[in-house]
Amino acid sequence: MGISLALVALLMMMGWAWSVVNWIWLKPRRLERTLREQGFHGNPYKLFHGDSKEMITIEKEAQSKPMDISNDIIARALPFHHLSTNCYGKNYFMWIGPLAKINIEDPKLIREVLLNHEVFQKPMSNPLGKLLLKGLLVQEGQSWATHRRIINSAFHPRKLKNMVLAMNQSCREMIRKWEALVSTSGGACELDVWPYFSNLAADVISRTAFGSNYEQGERIFRLQREQAMLAFQVLQSVYIPGSRFLPTKTNRRMKEIHGEVGALLRDVITKRERAIQEGDDHAEDDLLGILLKTNLKEIQEQGNKKQSGLSIEEVIEECKTFYFAGQETTSALITWAMVLLAIHQNWQARARQEVLAVFGDDEPHFDALNQLKLLTMILYEVLRLYSVGPVLIRTTQKTAKLGDYVLPPGVVISIPIIAVHHNPEFWGDDAAEFKPERFGDGVPEAAKSRGTFFPFSRGPRICIGQMFALMEAKLAMAKILRHFLFKLSPSYVHAPCVRAVLQPQYGARLIIEKI
């Protein structure tokens with residue numbers, strides 16, 4: 001009996017050892033050979049770490065110093081990508097630990113990847129990364145379809161129209177703060193607008209998603225920001241299976257935040273569900289109310305089947321997604337728009353003239369926002385040059401054909417949005433210049449090659465909140481342009497960097513003056 005148990009234990013240990021060797025050495029070497037045979041180039045695989053150490057070193061070096069004021073930002077925002085394309089061309093691969101990541105910039109291949117979302121899926125993230133988000137952004141298959149169907153109703157234009165009032169209120173409060181600062185500074189003052197827009201976007205998402213203001217949701221926002229920074233650090237490192245169970249400082253803190261945010265949101269959701277059941281007329285005026293109402297209807301229509309509707313835990317995860325995605329992306333978009341209009345005073349003046357012509361002294365409203373053609377062109381050009389989500393990631397769950405390539409399971413596909421948006425082949429020799437007139441005839445005619453502008457992704461998984469984000473950005477910019485003149489401060493430091501989104505590393509310091 002003892003010999004049999006020892007033999008079983010020995011066989012289990014041998015099996016485990018073989019799995020480890022296959023994971024960290026044999027499989028990556030086979031994968032490297034397959035990719036090279038198909039025309040991809042890159043560094044040879046290095047045991048366990050791959051290119052991770054070099055990538056982190058290069059990123060730290062790129063972020064250690066600012067750059068001249070220029071829109072040619074790829075070398076700073078995506079330094080390892082910049083180095084790899086210079087060394088190996090656009091068809092390169094890199095190693096994130098034992099995982100191979102290939103670079104795709106061909107518009108036809110990009111279209112194929114983004115339209116075939118069942119074949120090219122969101123990657124299975126580090127389990128610790130899931131403590132930040134597990135909602136619609138990372139769902140797949142039937143679960144994704146259910147989440148998308150239920151959440152989609154909250155972002156219908158008719159529903160968004162009702163949220164302009166809340167957005168106006170948030171913007172008014174920020175404008176008042178700026179006016180007070182300008183008043184006490186003799187007519188003009190210097191501001192770092194990045195934290196103001198971060199708070200503005202937080203306030204907007206709090207009001208429109210949860211019916212509360214920023215102060216009430218501040219605890220959740222602060223925790224989610226900390227969680228995002230911790231998740232960014234974790235996702236830069238090689239994941240060792242089982243390491244999430246180790247009692248490290250990062251692991252403990254991420255789990256604490258996950259629990260606290262979950263508890264806070266559960267309380268908000270429970271109170272709202274109770275208000276809906278009691279027939280509160282205003283319980284369905286925001287995104288959370290619409291989501292809960294639609295979810296209840298889905299469950300009732302499906303007869304409480306196991307796969308129908310969202311569980312309370314899934315609703316919590318979607319609320320976390322509202323908080324994170326709704327705040328980070330929009331605040332970055334408005335910040336870069338302010339920086340570019342501060343540099344290009346002629347476009348600032350033209351945008352202000354349009355706003356005054358459309359709104360006059362009236363508050364911006366939903367229908368008129370669609371009349372801001374010039375401002376829309378400006379925001380599209382900002383999204384092209386400073387894509388807030390600079391890279392899209394997909395992966396192959398099984399052997400998949402992509403164009404003429406045959407990709408084995410487990411290959412990560414990287415689509416560098418910002419590199420495609422800056423490519424002279426698609427946008428001309430002036431690709432790095434700020435020229436909103438590119439979009440004068442609409443998005444399809446803006447580039448030489450169609451399908452090369454996709455700041456919100458494209459296909460079935462296109463960002464569900466893109467209309468919300470653009471509406472908020474237009475409204476905020478319209479109100480600012482009507483009240484203030486602005487230019488770059490002498491202390492402004494140009495330093496775009498990628499965290500969760502493309503953001504200004506040292507803030508965005510401007511001189512604002514009351515009109």
# chains A, B, ... in the order shown; residues from 1 in each chain; ligands from 1
call {"tool": "residues_around", "arguments": {"residues": "Arg225 of chain A", "least_positions_apart": "2", "cutoff": "10 Å", "atoms": "only C-alpha atoms", "output": "PyMOL selection string"}}
result
chain A and resi 132+220-223+227-231+323-324+328+500
call {"tool": "select_by_dssp", "arguments": {"residues": "segment 66-207 of chain A", "states": "alpha helix (DSSP H)", "output": "NGL selection string"}}
result
:A and (74-77 or 79-88 or 107-115 or 141-152 or 157-161 or 164-184 or 193-207)
call {"tool": "closest_residue", "arguments": {"among": "A:Arg149, A:Arg29, A:Arg394, A:Lys514", "to": "His483 of chain A", "atoms": "only C-alpha atoms"}}
result
A:Lys514
call {"tool": "residues_around", "arguments": {"residues": "segment 345-352 of chain A", "least_positions_apart": "5", "cutoff": "8 Å", "atoms": "only C-alpha atoms", "output": "PyMOL selection string"}}
result
chain A and resi 374-375+478+481-482+487
call {"tool": "write_last_selection", "arguments": {"atoms": "N, CA and C atoms", "output": "compact mmCIF listing (two decimals), in the first residue's frame"}}
result
# COMPACT_ATOMS: atom_id res chain seq x y z
N LEU A 374 -17.99 71.20 -36.24
CA LEU A 374 -16.58 71.54 -36.11
C LEU A 374 -15.98 70.92 -34.85
N LEU A 375 -16.71 71.02 -33.74
CA LEU A 375 -16.22 70.44 -32.49
C LEU A 375 -16.13 68.92 -32.60
N ALA A 478 -18.00 72.63 -24.96
CA ALA A 478 -18.86 73.76 -25.33
C ALA A 478 -18.96 74.77 -24.20
N LEU A 481 -15.47 76.55 -23.72
CA LEU A 481 -15.19 77.49 -24.80
C LEU A 481 -16.03 78.76 -24.67
N ARG A 482 -17.23 78.63 -24.16
CA ARG A 482 -18.10 79.79 -24.02
C ARG A 482 -17.66 80.71 -22.88
N LYS A 487 -4.58 78.87 -23.04
CA LYS A 487 -3.33 78.60 -23.77
C LYS A 487 -2.42 77.77 -22.88
call {"tool": "residues_around", "arguments": {"residues": "segment 178-180 of chain A", "least_positions_apart": "2", "cutoff": "12 Å", "atoms": "only C-alpha atoms", "output": "count of residues only"}}
result
32
call {"tool": "closest_atom_pairs", "arguments": {"of": "segment 130-249 of chain A", "to": "segment 466-472 of chain A", "cutoff": "10 Å", "atoms": "only C-alpha atoms", "output": "JSON lines"}}
result
{"residue": "A:Phe155", "atom": "CA", "partner": "A:Phe468", "partner_atom": "CA", "distance": 7.2}
{"residue": "A:His156", "atom": "CA", "partner": "A:Met467", "partner_atom": "CA", "distance": 9.0}
{"residue": "A:Pro157", "atom": "CA", "partner": "A:Met467", "partner_atom": "CA", "distance": 8.0}
{"residue": "A:Leu160", "atom": "CA", "partner": "A:Phe468", "partner_atom": "CA", "distance": 6.9}
{"residue": "A:Lys161", "atom": "CA", "partner": "A:Met471", "partner_atom": "CA", "distance": 9.4}
{"residue": "A:Met163", "atom": "CA", "partner": "A:Phe468", "partner_atom": "CA", "distance": 9.3}
{"residue": "A:Val164", "atom": "CA", "partner": "A:Glu472", "partner_atom": "CA", "distance": 8.1}
{"residue": "A:Met167", "atom": "CA", "partner": "A:Glu472", "partner_atom": "CA", "distance": 6.8}
{"residue": "A:Asn168", "atom": "CA", "partner": "A:Glu472", "partner_atom": "CA", "distance": 9.0}
{"residue": "A:Cys171", "atom": "CA", "partner": "A:Glu472", "partner_atom": "CA", "distance": 9.4}
{"residue": "A:Leu200", "atom": "CA", "partner": "A:Glu472", "partner_atom": "CA", "distance": 9.9}
{"residue": "A:Ala201", "atom": "CA", "partner": "A:Glu472", "partner_atom": "CA", "distance": 8.3}
{"residue": "A:Val204", "atom": "CA", "partner": "A:Glu472", "partner_atom": "CA", "distance": 8.2}
{"residue": "A:Ile205", "atom": "CA", "partner": "A:Glu472", "partner_atom": "CA", "distance": 9.8}
call {"tool": "residues_around", "arguments": {"residues": "Ala419 of chain A", "least_positions_apart": "5", "cutoff": "12 Å", "atoms": "only C-alpha atoms", "output": "ChimeraX atom specification"}}
result
/A:71-79,81-82,85,90,103-107,384-387,389-392,414,424-427,431-432,452-455
call {"tool": "select_by_dssp", "arguments": {"residues": "segment 128-338 of chain A", "states": "strand (DSSP E or B)", "output": "compact mmCIF listing (two decimals) with C-alpha atoms, in the first residue's frame"}}
result
# COMPACT_ATOMS: atom_id res chain seq x y z
CA ALA A 188 -6.28 84.80 -15.51
CA CYS A 189 -4.75 81.87 -13.66
CA GLU A 190 -2.72 78.71 -14.22
CA LEU A 191 -4.48 75.37 -13.78
CA ASP A 192 -3.60 71.73 -14.12
call {"tool": "closest_residue", "arguments": {"among": "A:Glu354, A:Glu318, A:Asp404, A:Glu445", "to": "Leu136 of chain A", "atoms": "only C-alpha atoms"}}
result
A:Glu318
call {"tool": "atom_distance", "arguments": {"atom1": "atom CA of Leu35 of chain A", "atom2": "atom CA of Thr57 of chain A"}}
result
25.3 Å
call {"tool": "closest_residue", "arguments": {"among": "A:Ala325, A:Ile290, A:Ile299, A:Ile312", "to": "Ile464 of chain A", "atoms": "only C-alpha atoms"}}
result
A:Ala325
call {"tool": "atom_distance", "arguments": {"atom1": "atom CA of Pro123 of chain A", "atom2": "atom CA of Ile415 of chain A"}}
result
13.1 Å
call {"tool": "atom_distance", "arguments": {"atom1": "atom CA of Leu488 of chain A", "atom2": "atom CA of Lys435 of chain A"}}
result
18.7 Å
call {"tool": "decode", "arguments": {"residues": "segment 441-463 of chain A", "atoms": "N, CA and C atoms", "output": "tab-separated table (two decimals), in the first residue's frame"}}
result
chain	number	residue	atom	x	y	z
A	441	ASP	N	-15.66	65.52	-44.20
A	441	ASP	CA	-16.65	64.76	-44.97
A	441	ASP	C	-17.05	63.47	-44.25
A	442	GLY	N	-16.78	63.43	-42.94
A	442	GLY	CA	-17.16	62.25	-42.17
A	442	GLY	C	-16.00	61.28	-41.98
A	443	VAL	N	-16.19	60.33	-41.09
A	443	VAL	CA	-15.13	59.36	-40.75
A	443	VAL	C	-14.72	58.50	-41.95
A	444	PRO	N	-15.66	57.97	-42.75
A	444	PRO	CA	-15.25	57.07	-43.84
A	444	PRO	C	-14.29	57.70	-44.84
A	445	GLU	N	-14.36	59.04	-45.03
A	445	GLU	CA	-13.52	59.71	-46.02
A	445	GLU	C	-12.27	60.33	-45.41
A	446	ALA	N	-12.06	60.16	-44.12
A	446	ALA	CA	-10.96	60.87	-43.45
A	446	ALA	C	-9.58	60.34	-43.82
A	447	ALA	N	-9.47	59.03	-44.02
A	447	ALA	CA	-8.17	58.42	-44.29
A	447	ALA	C	-8.12	57.88	-45.71
A	448	LYS	N	-6.91	57.59	-46.17
A	448	LYS	CA	-6.74	56.99	-47.49
A	448	LYS	C	-7.29	55.57	-47.53
A	449	SER	N	-7.17	54.88	-46.40
A	449	SER	CA	-7.66	53.49	-46.30
A	449	SER	C	-8.80	53.44	-45.30
A	450	ARG	N	-9.91	52.88	-45.70
A	450	ARG	CA	-11.05	52.77	-44.80
A	450	ARG	C	-10.75	51.76	-43.69
A	451	GLY	N	-11.41	51.99	-42.56
A	451	GLY	CA	-11.22	51.06	-41.44
A	451	GLY	C	-9.97	51.31	-40.64
A	452	THR	N	-9.35	52.48	-40.83
A	452	THR	CA	-8.12	52.78	-40.09
A	452	THR	C	-8.34	53.79	-38.97
A	453	PHE	N	-9.60	54.09	-38.68
A	453	PHE	CA	-9.94	54.95	-37.54
A	453	PHE	C	-10.93	54.19	-36.67
A	454	PHE	N	-10.47	53.75	-35.50
A	454	PHE	CA	-11.32	52.94	-34.64
A	454	PHE	C	-10.98	53.18	-33.16
A	455	PRO	N	-11.12	54.43	-32.70
A	455	PRO	CA	-10.75	54.76	-31.31
A	455	PRO	C	-11.59	54.04	-30.28
A	456	PHE	N	-12.80	53.60	-30.65
A	456	PHE	CA	-13.67	52.87	-29.74
A	456	PHE	C	-13.80	51.40	-30.14
A	457	SER	N	-12.78	50.89	-30.84
A	457	SER	CA	-12.81	49.56	-31.44
A	457	SER	C	-13.84	49.56	-32.57
A	458	ARG	N	-14.25	48.39	-33.02
A	458	ARG	CA	-15.25	48.28	-34.07
A	458	ARG	C	-15.83	46.87	-34.03
A	459	GLY	N	-16.86	46.65	-34.86
A	459	GLY	CA	-17.48	45.33	-34.90
A	459	GLY	C	-18.43	45.12	-33.74
A	460	PRO	N	-18.79	43.88	-33.47
A	460	PRO	CA	-19.77	43.58	-32.41
A	460	PRO	C	-19.36	44.09	-31.03
A	461	ARG	N	-18.04	44.20	-30.79
A	461	ARG	CA	-17.57	44.61	-29.46
A	461	ARG	C	-17.16	46.08	-29.41
A	462	ILE	N	-17.69	46.87	-30.34
A	462	ILE	CA	-17.42	48.30	-30.30
A	462	ILE	C	-17.89	48.85	-28.95
A	463	CYS	N	-17.18	49.85	-28.43
A	463	CYS	CA	-17.47	50.38	-27.10
A	463	CYS	C	-18.93	50.81	-26.98
